[in-house]
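Inspection log for the structure reproduced underneath, given as structure tokens.
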Amino acid sequence: MNKVGIEKINIYGSSLYLDQRELAVARGLEPDKVVSDFLINSRSLNPPYEDAVTMGANAAMPMLSEEDRKNIGMLIVGTEGSVDFGKPISTNLISALGLNPNVRNYEVKHACYSGVAALDTAVNWVASGLNKGKKALVIASDFSRMHLGLKEEFVLGGIGAALLVGGNPKVIEFELEKKGTWSTDIYDTFRPSAKAEVGNNEVSLFTYMDALEGSYRDYLEKTGPIDFDTYFDYNIYHTPFAGMAFQAHRTLCNIARPRKKAEIQASFEEKVFPSLTYARKVGSTYGASNFAGICSLVATVPDLRAGARVGF
């Protein structure tokens, strides 16, 4: 089977940020409690002159060489903040990045799964051999609305992420046969346009946990039994806010075997916390959050060894 993975990766965290301690004071809340509860120090802000297109372009531009541009055969963009219901922003990005007009391109919408869905499709295309040596460019670009005065204001943000996928993986190589999936039909969040966003946070978080457990059990069905404590060197979770990653890790730890909070905390700090560096700076990044986790892990662990297995 051909090697397939991420050859290059980059993220762009918008041009503005907001310190969460200052925001807590302005809202009459205790700063230390806000930072502790949400595990977040600051969040990105999107000014009027930035959108999913500009953030995606800013993530990809510094990463791509001229040779890369010539060798890209597919562009897939995951977003729930598209600027049009008919025209995919992949066409805007083809132009902005100076890519060949023969590049196959389209946009994926699937809430916070969109970025990973785009990546999975790109990986399968390269693995199939139908790429004929070409590479795929995956871009995930999302942002939140302001939610002024609401508790969500502290955790929401946005970034653009860009990944070059090919047969010479230098960042992550994927074990193609090892993956778990799960889905349900539920109305936890609504995004009727890029400028409107509403939802039920409690339903959304409980659905997250259902999806995590369901996909992990499906993963075990395909891989067979594993020792969760030793099988993964690191774990990257979708991160609506950094504190949610602890709840996710606790769930998988307890599926493996029931344990005390201190043991879970130690495992979290060793295997998960290094992937939260950027999440704690930019806030929720929707479909790009797993990619921010990869960048955080690489930036935070200087002795990250080749061959380390990352649950992703």
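By order in the structure tokens, chains are A, B, ...; within a chain, residues start at 1; ligands start at 1, following the order shown.
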
Item checked: Surrounding residues of Ser95 (chain A) excluding itself and chain neighbours under 6 positions, 12 Å, only C-alpha atoms, as a PyMOL selection string -> chain A and resi 53-54+57+61+69+75+89+101-103+105

Note to self: Just list as a VMD selection string whatever in region 144-292 of chain A DSSP marks as strand (DSSP E or B).
What the structure shows: chain A and resid 156 158 to 166 172 to 173 189 to 193 196 to 199 234 to 235 284

Item checked: Closest of A:Leu205, A:Ala117, A:Cys253, A:Val298 to Thr181 (chain A) - atom-to-atom distances counting only C-alpha atoms ->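 Smallest distance to Thr181 (chain A) is found for A:Ala117.
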
Note to self: Given only C-alpha atoms as the basis, pick out the residue of A:Asn200, A:Ala24, A:Lys109, A:Leu176 nearest to Ala122 (chain A).
What the structure shows: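 Looking only at the distances to Ala122 (chain A), the closest residue turns out to be A:Leu176.
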
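Here CA of Cys112 (chain A) is placed at a distance of 25.9 Å from CA of Val301 (chain A).
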
Next item on the list: Using only C-alpha atoms, determine which residues lie at most 10 Å from Phe246 (chain A), disregarding the query and same-chain residues fewer than 2 positions distant; provide the list as an MDAnalysis selection string.
Entry: chainID A and resid 39 237 239 241:244 248:251 264:265 267:269 272:273

Next item on the list: Identify which of the residues A:Asn168, A:Ala288, A:Phe143, A:Lys271 lies closest to Leu119 (chain A), counting only C-alpha atoms when measuring atom-to-atom distances.
Entry: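 Nearest to Leu119 (chain A): A:Ala288.
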
Quick one: contact table of region 232-298 of chain A to region 149-167 of chain A, 7 Å max, nearest atom pair and distance in Å to one decimal per residue, counting only C-alpha atoms, chain and number order, as JSON lines?
```
{"residue": "A:Phe241", "atom": "CA", "partner": "A:Val155", "partner_atom": "CA", "distance": 5.7}
{"residue": "A:Val282", "atom": "CA", "partner": "A:Gly157", "partner_atom": "CA", "distance": 5.7}
{"residue": "A:Gly283", "atom": "CA", "partner": "A:Gly157", "partner_atom": "CA", "distance": 4.7}
{"residue": "A:Ser284", "atom": "CA", "partner": "A:Leu156", "partner_atom": "CA", "distance": 4.6}
{"residue": "A:Thr285", "atom": "CA", "partner": "A:Gly158", "partner_atom": "CA", "distance": 4.5}
{"residue": "A:Ala288", "atom": "CA", "partner": "A:Ala161", "partner_atom": "CA", "distance": 6.1}
{"residue": "A:Phe291", "atom": "CA", "partner": "A:Ala161", "partner_atom": "CA", "distance": 6.6}
```

Next item on the list: Please measure the separation of CA of Ala26 (chain A) and CA of Ile40 (chain A), giving the value in Å to one decimal.
Entry: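 Spanning CA of Ala26 (chain A) to CA of Ile40 (chain A) is a straight-line distance of 16.5 Å.
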
Margin query: To one decimal place in Å, what is the distance between CA of Tyr106 (chain A) and CA of Ile139 (chain A)?
Written below: 10.7 Å

Can you pull out every residue within 12 Å of Tyr231 (chain A), counting only C-alpha atoms, but drop anything in the same chain fewer than 5 positions away, and send it as a compact mmCIF listing (two decimals) with C-alpha atoms, in the first residue's frame?
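Listing of around02.txt after writing:
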```txt
# COMPACT_ATOMS: atom_id res chain seq x y z
CA LEU A 220 -11.96 -0.87 17.89
CA THR A 223 -8.50 -2.72 14.67
CA GLY A 224 -9.29 -5.25 17.38
CA PRO A 225 -8.54 -4.75 21.09
CA ILE A 226 -5.82 -2.24 22.00
CA ALA A 256 -10.43 1.28 28.40
CA LYS A 271 -0.78 12.97 25.76
CA GLY A 307 6.88 6.84 14.31
CA ALA A 308 4.96 8.17 17.32
CA ARG A 309 1.30 7.16 16.95
CA VAL A 310 -1.21 10.00 17.24
CA GLY A 311 -4.90 9.36 17.80
```
